[in-house]
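Colleague: Data file upload-v1.pdb (PDB, C-alpha atoms, pLDDT in the B column) is appended below.
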```
ATOM      1  CA  MET J   1    -193.702 -82.654 -60.522  1.00 58.00           C
ATOM      2  CA  LYS J   2    -193.503 -78.930 -61.228  1.00 64.00           C
ATOM      3  CA  HIS J   3    -195.503 -79.447 -64.418  1.00 79.00           C
ATOM      4  CA  LEU J   4    -198.340 -81.519 -62.974  1.00 86.00           C
ATOM      5  CA  PRO J   5    -201.730 -80.301 -64.286  1.00 88.00           C
ATOM      6  CA  HIS J   6    -203.556 -77.954 -61.915  1.00 87.00           C
ATOM      7  CA  LYS J   7    -206.564 -80.288 -61.756  1.00 90.00           C
ATOM      8  CA  THR J   8    -204.299 -83.188 -60.812  1.00 92.00           C
ATOM      9  CA  ILE J   9    -202.901 -81.163 -57.893  1.00 91.00           C
ATOM     10  CA  GLU J  10    -206.473 -80.446 -56.754  1.00 91.00           C
ATOM     11  CA  ARG J  11    -207.398 -84.115 -56.932  1.00 94.00           C
ATOM     12  CA  LEU J  12    -204.241 -85.205 -55.108  1.00 95.00           C
ATOM     13  CA  SER J  13    -205.241 -82.963 -52.206  1.00 92.00           C
ATOM     14  CA  GLN J  14    -208.724 -84.484 -52.279  1.00 93.00           C
ATOM     15  CA  TYR J  15    -207.292 -88.017 -52.438  1.00 95.00           C
ATOM     16  CA  ARG J  16    -205.125 -87.341 -49.392  1.00 94.00           C
ATOM     17  CA  ARG J  17    -208.090 -86.028 -47.408  1.00 92.00           C
ATOM     18  CA  ALA J  18    -210.065 -89.176 -48.251  1.00 94.00           C
ATOM     19  CA  LEU J  19    -207.092 -91.454 -47.556  1.00 95.00           C
ATOM     20  CA  LEU J  20    -206.521 -89.889 -44.131  1.00 94.00           C
ATOM     21  CA  ILE J  21    -210.123 -90.734 -43.214  1.00 93.00           C
ATOM     22  CA  CYS J  22    -209.599 -94.312 -44.448  1.00 94.00           C
ATOM     23  CA  LEU J  23    -206.372 -94.628 -42.441  1.00 94.00           C
ATOM     24  CA  ASN J  24    -208.072 -93.319 -39.294  1.00 93.00           C
ATOM     25  CA  ASN J  25    -210.719 -96.006 -39.815  1.00 94.00           C
ATOM     26  CA  GLY J  26    -208.019 -98.685 -39.923  1.00 94.00           C
ATOM     27  CA  GLN J  27    -207.996 -99.262 -43.686  1.00 94.00           C
ATOM     28  CA  MET J  28    -204.454-100.023 -44.857  1.00 95.00           C
ATOM     29  CA  HIS J  29    -205.037-100.668 -48.579  1.00 95.00           C
ATOM     30  CA  ILE J  30    -207.442 -99.224 -51.121  1.00 96.00           C
ATOM     31  CA  TYR J  31    -208.321 -99.797 -54.769  1.00 95.00           C
ATOM     32  CA  SER J  32    -208.656 -97.096 -57.413  1.00 94.00           C
ATOM     33  CA  HIS J  33    -212.400 -97.720 -57.748  1.00 95.00           C
ATOM     34  CA  GLU J  34    -212.827 -97.108 -54.008  1.00 95.00           C
ATOM     35  CA  ILE J  35    -211.025 -93.746 -54.222  1.00 95.00           C
ATOM     36  CA  ALA J  36    -213.056 -92.922 -57.325  1.00 95.00           C
ATOM     37  CA  LYS J  37    -216.324 -93.635 -55.541  1.00 94.00           C
ATOM     38  CA  ILE J  38    -215.395 -91.305 -52.660  1.00 93.00           C
ATOM     39  CA  GLN J  39    -214.387 -88.512 -55.058  1.00 93.00           C
ATOM     40  CA  HIS J  40    -217.236 -89.058 -57.545  1.00 92.00           C
ATOM     41  CA  ILE J  41    -214.863 -89.543 -60.470  1.00 94.00           C
ATOM     42  CA  THR J  42    -213.752 -92.529 -62.571  1.00 95.00           C
ATOM     43  CA  ALA J  43    -211.216 -95.145 -61.511  1.00 94.00           C
ATOM     44  CA  VAL J  44    -209.376 -94.435 -64.778  1.00 95.00           C
ATOM     45  CA  GLN J  45    -208.859 -90.824 -63.670  1.00 96.00           C
ATOM     46  CA  VAL J  46    -207.520 -91.940 -60.284  1.00 95.00           C
ATOM     47  CA  ARG J  47    -205.050 -94.363 -61.886  1.00 94.00           C
ATOM     48  CA  ARG J  48    -203.956 -91.725 -64.404  1.00 94.00           C
ATOM     49  CA  ASP J  49    -203.284 -89.174 -61.645  1.00 95.00           C
ATOM     50  CA  LEU J  50    -201.314 -91.647 -59.558  1.00 95.00           C
ATOM     51  CA  MET J  51    -199.288 -92.790 -62.563  1.00 93.00           C
ATOM     52  CA  LEU J  52    -198.318 -89.148 -63.119  1.00 93.00           C
ATOM     53  CA  ILE J  53    -196.697 -89.096 -59.679  1.00 93.00           C
ATOM     54  CA  GLY J  54    -195.049 -92.466 -60.260  1.00 91.00           C
ATOM     55  CA  TYR J  55    -197.156 -94.562 -57.898  1.00 92.00           C
ATOM     56  CA  THR J  56    -198.739 -97.898 -58.734  1.00 88.00           C
ATOM     57  CA  GLY J  57    -200.628-100.405 -56.646  1.00 84.00           C
ATOM     58  CA  THR J  58    -200.936-104.175 -56.850  1.00 85.00           C
ATOM     59  CA  LEU J  59    -203.737-106.267 -58.274  1.00 83.00           C
ATOM     60  CA  ARG J  60    -204.110-108.153 -55.002  1.00 88.00           C
ATOM     61  CA  LYS J  61    -204.164-105.263 -52.510  1.00 90.00           C
ATOM     62  CA  GLY J  62    -204.476-102.047 -54.470  1.00 93.00           C
ATOM     63  CA  TYR J  63    -202.666 -99.010 -53.073  1.00 95.00           C
ATOM     64  CA  ASN J  64    -200.938 -98.792 -49.707  1.00 95.00           C
ATOM     65  CA  VAL J  65    -202.889 -96.028 -47.952  1.00 96.00           C
ATOM     66  CA  LYS J  66    -200.076 -94.820 -45.694  1.00 95.00           C
ATOM     67  CA  GLU J  67    -197.471 -94.820 -48.471  1.00 95.00           C
ATOM     68  CA  LEU J  68    -199.764 -92.888 -50.788  1.00 96.00           C
ATOM     69  CA  ILE J  69    -200.532 -90.275 -48.116  1.00 95.00           C
ATOM     70  CA  GLU J  70    -196.804 -89.780 -47.538  1.00 94.00           C
ATOM     71  CA  LEU J  71    -196.036 -89.517 -51.257  1.00 95.00           C
ATOM     72  CA  ILE J  72    -198.767 -86.944 -51.848  1.00 94.00           C
ATOM     73  CA  GLY J  73    -197.424 -84.984 -48.883  1.00 90.00           C
ATOM     74  CA  GLN J  74    -193.914 -84.989 -50.385  1.00 90.00           C
ATOM     75  CA  ILE J  75    -195.326 -83.584 -53.617  1.00 90.00           C
ATOM     76  CA  ILE J  76    -197.782 -80.994 -52.286  1.00 89.00           C
ATOM     77  CA  ASP J  77    -196.277 -79.860 -48.996  1.00 87.00           C
ATOM     78  CA  SER J  78    -193.327 -77.531 -48.538  1.00 84.00           C
ATOM     79  CA  LEU J  79    -190.534 -79.074 -46.470  1.00 81.00           C
ATOM     80  CA  ASP J  80    -190.188 -75.941 -44.322  1.00 83.00           C
ATOM     81  CA  GLY J  81    -193.907 -75.160 -44.271  1.00 87.00           C
ATOM     82  CA  ILE J  82    -195.659 -72.101 -45.682  1.00 92.00           C
ATOM     83  CA  ASN J  83    -197.114 -69.232 -43.678  1.00 94.00           C
ATOM     84  CA  VAL J  84    -200.523 -67.878 -44.637  1.00 95.00           C
ATOM     85  CA  ALA J  85    -202.432 -64.673 -43.872  1.00 96.00           C
ATOM     86  CA  ILE J  86    -206.143 -63.871 -44.140  1.00 97.00           C
ATOM     87  CA  ILE J  87    -207.089 -60.391 -45.268  1.00 97.00           C
ATOM     88  CA  GLY J  88    -210.581 -59.440 -44.143  1.00 96.00           C
ATOM     89  CA  MET J  89    -211.897 -60.664 -40.800  1.00 94.00           C
ATOM     90  CA  GLY J  90    -215.595 -60.716 -41.566  1.00 92.00           C
ATOM     91  CA  ASN J  91    -217.721 -63.840 -41.201  1.00 93.00           C
ATOM     92  CA  LEU J  92    -215.896 -65.722 -43.961  1.00 92.00           C
ATOM     93  CA  GLY J  93    -212.420 -64.790 -42.739  1.00 93.00           C
ATOM     94  CA  ARG J  94    -213.224 -65.930 -39.205  1.00 92.00           C
ATOM     95  CA  ALA J  95    -214.795 -69.143 -40.495  1.00 92.00           C
ATOM     96  CA  LEU J  96    -211.678 -69.945 -42.526  1.00 92.00           C
ATOM     97  CA  ILE J  97    -209.408 -69.454 -39.510  1.00 91.00           C
ATOM     98  CA  ASN J  98    -211.552 -71.810 -37.439  1.00 89.00           C
ATOM     99  CA  TYR J  99    -211.731 -74.350 -40.272  1.00 87.00           C
ATOM    100  CA  PHE J 100    -208.002 -74.459 -41.004  1.00 83.00           C
ATOM    101  CA  ALA J 101    -206.872 -74.601 -37.373  1.00 72.00           C
ATOM    102  CA  GLY J 102    -204.689 -77.706 -37.035  1.00 68.00           C
ATOM    103  CA  LYS J 103    -205.720 -79.168 -40.409  1.00 70.00           C
ATOM    104  CA  ARG J 104    -202.283 -79.120 -42.091  1.00 71.00           C
ATOM    105  CA  SER J 105    -198.957 -78.872 -40.307  1.00 72.00           C
ATOM    106  CA  HIS J 106    -197.215 -77.532 -43.427  1.00 83.00           C
ATOM    107  CA  LEU J 107    -199.746 -74.737 -43.954  1.00 87.00           C
ATOM    108  CA  LYS J 108    -200.041 -72.330 -41.055  1.00 90.00           C
ATOM    109  CA  ILE J 109    -202.193 -69.222 -40.746  1.00 93.00           C
ATOM    110  CA  VAL J 110    -200.020 -66.834 -38.746  1.00 94.00           C
ATOM    111  CA  ALA J 111    -201.744 -63.456 -39.192  1.00 96.00           C
ATOM    112  CA  SER J 112    -204.953 -61.729 -40.216  1.00 96.00           C
ATOM    113  CA  PHE J 113    -205.661 -58.164 -41.305  1.00 97.00           C
ATOM    114  CA  ASP J 114    -208.656 -55.839 -41.147  1.00 96.00           C
ATOM    115  CA  ILE J 115    -209.594 -52.147 -41.100  1.00 95.00           C
ATOM    116  CA  ASN J 116    -212.019 -52.394 -38.175  1.00 95.00           C
ATOM    117  CA  PRO J 117    -210.378 -50.988 -35.000  1.00 94.00           C
ATOM    118  CA  ASP J 118    -212.564 -53.288 -32.878  1.00 94.00           C
ATOM    119  CA  LYS J 119    -210.865 -56.312 -34.452  1.00 94.00           C
ATOM    120  CA  ILE J 120    -207.299 -55.013 -34.709  1.00 95.00           C
ATOM    121  CA  GLY J 121    -205.169 -56.181 -31.789  1.00 94.00           C
ATOM    122  CA  ASN J 122    -207.459 -59.089 -30.959  1.00 94.00           C
ATOM    123  CA  LYS J 123    -206.970 -62.802 -31.642  1.00 92.00           C
ATOM    124  CA  MET J 124    -209.201 -65.384 -33.297  1.00 87.00           C
ATOM    125  CA  SER J 125    -208.268 -68.999 -32.522  1.00 85.00           C
ATOM    126  CA  GLY J 126    -204.873 -67.694 -31.461  1.00 89.00           C
ATOM    127  CA  ILE J 127    -204.287 -65.755 -34.710  1.00 92.00           C
ATOM    128  CA  PRO J 128    -203.511 -62.038 -34.190  1.00 95.00           C
ATOM    129  CA  CYS J 129    -205.350 -59.420 -36.230  1.00 96.00           C
ATOM    130  CA  PHE J 130    -203.296 -56.492 -37.549  1.00 97.00           C
ATOM    131  CA  SER J 131    -204.233 -53.284 -39.284  1.00 96.00           C
ATOM    132  CA  ILE J 132    -204.191 -53.316 -43.087  1.00 94.00           C
ATOM    133  CA  ASP J 133    -201.696 -50.463 -42.817  1.00 94.00           C
ATOM    134  CA  GLU J 134    -199.209 -52.897 -41.225  1.00 95.00           C
ATOM    135  CA  MET J 135    -199.656 -55.560 -43.881  1.00 95.00           C
ATOM    136  CA  GLU J 136    -196.375 -55.191 -45.755  1.00 94.00           C
ATOM    137  CA  LYS J 137    -194.333 -55.004 -42.558  1.00 96.00           C
ATOM    138  CA  VAL J 138    -196.006 -58.035 -40.925  1.00 97.00           C
ATOM    139  CA  ILE J 139    -195.909 -60.137 -44.106  1.00 97.00           C
ATOM    140  CA  ARG J 140    -192.187 -59.612 -44.450  1.00 96.00           C
ATOM    141  CA  GLU J 141    -191.462 -60.136 -40.735  1.00 96.00           C
ATOM    142  CA  LYS J 142    -193.454 -63.370 -40.548  1.00 96.00           C
ATOM    143  CA  ASN J 143    -192.283 -64.633 -43.963  1.00 95.00           C
ATOM    144  CA  ILE J 144    -195.861 -65.032 -45.182  1.00 96.00           C
ATOM    145  CA  LYS J 145    -196.072 -66.439 -48.703  1.00 96.00           C
ATOM    146  CA  VAL J 146    -199.832 -66.940 -49.245  1.00 96.00           C
ATOM    147  CA  GLY J 147    -202.653 -64.448 -48.799  1.00 97.00           C
ATOM    148  CA  ILE J 148    -206.340 -65.366 -48.590  1.00 96.00           C
ATOM    149  CA  MET J 149    -208.568 -62.443 -49.582  1.00 97.00           C
ATOM    150  CA  THR J 150    -212.033 -62.241 -48.014  1.00 95.00           C
ATOM    151  CA  VAL J 151    -212.459 -58.483 -48.334  1.00 95.00           C
ATOM    152  CA  PRO J 152    -215.470 -56.678 -49.889  1.00 93.00           C
ATOM    153  CA  GLU J 153    -215.212 -56.715 -53.686  1.00 91.00           C
ATOM    154  CA  ASP J 154    -214.642 -52.932 -53.854  1.00 94.00           C
ATOM    155  CA  PHE J 155    -211.328 -53.496 -52.062  1.00 94.00           C
ATOM    156  CA  ALA J 156    -210.229 -56.574 -54.023  1.00 95.00           C
ATOM    157  CA  SER J 157    -207.902 -54.958 -56.557  1.00 95.00           C
ATOM    158  CA  GLN J 158    -206.096 -52.693 -54.113  1.00 95.00           C
ATOM    159  CA  THR J 159    -205.718 -55.532 -51.610  1.00 96.00           C
ATOM    160  CA  ALA J 160    -204.187 -57.776 -54.271  1.00 96.00           C
ATOM    161  CA  ASP J 161    -201.794 -54.991 -55.260  1.00 96.00           C
ATOM    162  CA  LYS J 162    -200.704 -54.554 -51.641  1.00 95.00           C
ATOM    163  CA  LEU J 163    -200.122 -58.279 -51.267  1.00 97.00           C
ATOM    164  CA  VAL J 164    -197.989 -58.414 -54.397  1.00 96.00           C
ATOM    165  CA  HIS J 165    -195.993 -55.376 -53.252  1.00 95.00           C
ATOM    166  CA  ALA J 166    -195.418 -57.067 -49.880  1.00 95.00           C
ATOM    167  CA  GLY J 167    -193.854 -60.098 -51.577  1.00 95.00           C
ATOM    168  CA  ILE J 168    -196.745 -62.574 -51.453  1.00 96.00           C
ATOM    169  CA  LYS J 169    -196.224 -65.479 -53.898  1.00 95.00           C
ATOM    170  CA  GLY J 170    -199.739 -66.941 -53.948  1.00 96.00           C
ATOM    171  CA  ILE J 171    -203.230 -65.476 -53.568  1.00 97.00           C
ATOM    172  CA  LEU J 172    -206.550 -67.215 -52.952  1.00 96.00           C
ATOM    173  CA  ASN J 173    -209.260 -64.734 -53.897  1.00 96.00           C
ATOM    174  CA  TYR J 174    -212.657 -65.357 -52.291  1.00 93.00           C
ATOM    175  CA  THR J 175    -214.117 -62.080 -53.530  1.00 92.00           C
ATOM    176  CA  PRO J 176    -216.508 -62.096 -56.527  1.00 88.00           C
ATOM    177  CA  LYS J 177    -214.296 -59.575 -58.338  1.00 91.00           C
ATOM    178  CA  PRO J 178    -211.439 -60.884 -60.528  1.00 92.00           C
ATOM    179  CA  VAL J 179    -208.020 -59.452 -59.748  1.00 94.00           C
ATOM    180  CA  TYR J 180    -204.837 -59.234 -61.811  1.00 94.00           C
ATOM    181  CA  VAL J 181    -201.375 -60.162 -60.572  1.00 95.00           C
ATOM    182  CA  PRO J 182    -197.910 -60.591 -62.154  1.00 94.00           C
ATOM    183  CA  ASN J 183    -197.047 -63.946 -63.727  1.00 93.00           C
ATOM    184  CA  GLU J 184    -194.751 -64.849 -60.843  1.00 93.00           C
ATOM    185  CA  VAL J 185    -197.671 -64.744 -58.376  1.00 95.00           C
ATOM    186  CA  TYR J 186    -199.997 -67.752 -58.465  1.00 94.00           C
ATOM    187  CA  LEU J 187    -203.652 -66.729 -58.307  1.00 95.00           C
ATOM    188  CA  GLU J 188    -206.617 -68.956 -57.498  1.00 92.00           C
ATOM    189  CA  GLU J 189    -210.050 -67.336 -57.621  1.00 92.00           C
ATOM    190  CA  TYR J 190    -213.043 -68.939 -55.967  1.00 88.00           C
ATOM    191  CA  ASP J 191    -216.433 -67.416 -56.654  1.00 82.00           C
ATOM    192  CA  MET J 192    -219.068 -68.973 -54.404  1.00 82.00           C
ATOM    193  CA  ILE J 193    -221.916 -67.459 -56.424  1.00 82.00           C
ATOM    194  CA  THR J 194    -220.656 -69.130 -59.595  1.00 82.00           C
ATOM    195  CA  SER J 195    -220.262 -72.447 -57.781  1.00 83.00           C
ATOM    196  CA  LEU J 196    -223.762 -72.213 -56.370  1.00 86.00           C
ATOM    197  CA  GLU J 197    -225.194 -71.320 -59.784  1.00 86.00           C
ATOM    198  CA  LYS J 198    -223.403 -74.352 -61.248  1.00 83.00           C
ATOM    199  CA  VAL J 199    -225.008 -76.629 -58.649  1.00 88.00           C
ATOM    200  CA  ALA J 200    -228.399 -75.005 -59.247  1.00 89.00           C
ATOM    201  CA  PHE J 201    -228.032 -75.543 -63.008  1.00 88.00           C
ATOM    202  CA  TYR J 202    -227.531 -79.290 -62.588  1.00 86.00           C
ATOM    203  CA  VAL J 203    -230.465 -79.465 -60.168  1.00 91.00           C
ATOM    204  CA  LYS J 204    -232.604 -77.719 -62.789  1.00 87.00           C
ATOM    205  CA  MET J 205    -231.448 -80.139 -65.501  1.00 86.00           C
ATOM    206  CA  GLN J 206    -232.353 -83.143 -63.330  1.00 86.00           C
ATOM    207  CA  GLU J 207    -235.815 -81.742 -62.705  1.00 83.00           C
ATOM    208  CA  THR J 208    -236.457 -81.222 -66.419  1.00 78.00           C
ATOM    209  CA  GLU J 209    -235.400 -84.746 -67.448  1.00 70.00           C
TER     210      GLU J 209
END
```
Translate the structure of the given file into structure tokens.
Modeller:
Amino acid sequence: MKHLPHKTIERLSQYRRALLICLNNGQMHIYSHEIAKIQHITAVQVRRDLMLIGYTGTLRKGYNVKELIELIGQIIDSLDGINVAIIGMGNLGRALINYFAGKRSHLKIVASFDINPDKIGNKMSGIPCFSIDEMEKVIREKNIKVGIMTVPEDFASQTADKLVHAGIKGILNYTPKPVYVPNEVYLEEYDMITSLEKVAFYVKMQETE
């Protein structure tokens, strides 16, 4: 499972989110074409992803929703859970804390960091905000492994460097500026401007057809 394609990991997370909704609605079995319709992909892609993790359904009932949720959890989730910190408590940082609250038991936001003295020492949804100057100490004390960066782009590189120095193993970069980390640190960069421009491009193409 260590060598699963990155896109497959992304889709497995998306499948689980969709399957949890189906389970909450009382649906116990689901076919690949139903998952594909929810995710806007092909049924062939769904079957290929699930074959990679060694799971197959039946012709009569399809996939067992509960079993598939549990299997995806065994693959994606850490047995002991992983602690997460948010660096930058602006509008996006606060929105992420509110969004993630209670969403995944194996992923827990345990700290946030900022430079604004009005925010330091306060809590947002029960998450304490510390000074950036305390970042290395708090990260090590709380065994934080993942950092989510929502800082202004001018501070992106130095923030990433501080996270790496503190022992962070994974970084999700929400700033528009690319950062560079050692090979042993997994980096995921999400540029909302690029995503929006991609959506706008396809809207433009539809209008010119």
Colleague: List, as a ChimeraX atom specification, every residue that the PyMOL selection byres ((chain J and resi 94) around 12) selects in the file provided.
Modeller: /J:85-93,95-101,109,111-114,119,123-129,148-151
Colleague: What does the distance between atom CA of J:Ile171 and atom CA of J:Gly147 come to in Å, to one decimal place?
Modeller: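 These two atoms are separated by 4.9 Å.
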Colleague: For the structure shown, which residues end up in the PyMOL selection byres ((chain J and resi 186) around 6)? Put them as a PyMOL selection string, please?
Modeller: chain J and resi 170+185+187
Colleague: Enter the distance from atom CA of J:Gly167 to atom CA of J:Glu136, in Å, rounded to one decimal.
Modeller: 8.0 Å
Colleague: To test your reading of the syntax: which residues would the PyMOL selection byres ((chain J and resi 191) around 9) return for the file shown? Reply as a PyMOL selection string.
Modeller: chain J and resi 173-177+189-190+192-196
Colleague: Separation of atom CA of J:Lys108 and atom CA of J:Lys145, in Å?
Modeller: 10.4 Å
Colleague: Which is closer to J:Asn116 than all the others in J:Arg104, J:Ile82, J:Tyr55, J:Ser131, using only C-alpha atoms?
Modeller: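 The answer is J:Ser131, which sits nearest to J:Asn116.
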Colleague: Give the padded box for stretch 22-31 of chain J as AutoDock Vina command-line options: axis-aligned, covering all atoms listed in the file, 5 Å on each side, centre and edge lengths in Å to one decimal.
Modeller:
```
--center_x -207.6 --center_y -97.0 --center_z -47.0 --size_x 16.3 --size_y 17.3 --size_z 25.5
```
Colleague: Compile the contact shell of stretch 56-67 of chain J as a count of residues only: residues with an atom at most 6 Å away, counting only C-alpha atoms, same-chain residues fewer than 3 positions apart removed.
Modeller: 5
Colleague: With distances taken over all atoms listed in the file, which residue among J:Leu12, J:Ala156, J:Leu68, J:Ile76 lies nearest J:Leu107?
Modeller: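 Among the listed residues, the smallest separation from J:Leu107 belongs to J:Ile76.
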Colleague: Report as a VMD selection string all protein, DNA and RNA residues lying within 9 Å of J:Ile53, evaluated on only C-alpha atoms, omitting residues in the same chain fewer than 4 positions from it.
Modeller: chain J and resid 1 4 49 71 to 72 75
Colleague: Using only C-alpha atoms, which of the listed residues (J:Ala200, J:Met205, J:Leu23, J:Val164) sits closest to J:Ile139?
Modeller: J:Val164
Colleague: Quick one: residues within 10 Å of J:Lys162, all atoms listed in the file, excluding same-chain residues fewer than 5 positions away - as an MDAnalysis selection string?
Modeller: chainID J and resid 132:133 135:136 157 167:168
Colleague: Using all atoms listed in the file for the distances, tell me which of J:Pro178, J:Glu34, J:Gln27, J:Val46 is nearest to J:Arg11.
Modeller: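 Smallest separation from J:Arg11 among the options: J:Val46.
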Colleague: Using all atoms listed in the file, find the one residue out of J:Glu209, J:Glu153, J:His106, J:Pro182 that sits nearest to J:Gly73.
Modeller: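 Looking only at the distances to J:Gly73, the closest residue turns out to be J:His106.
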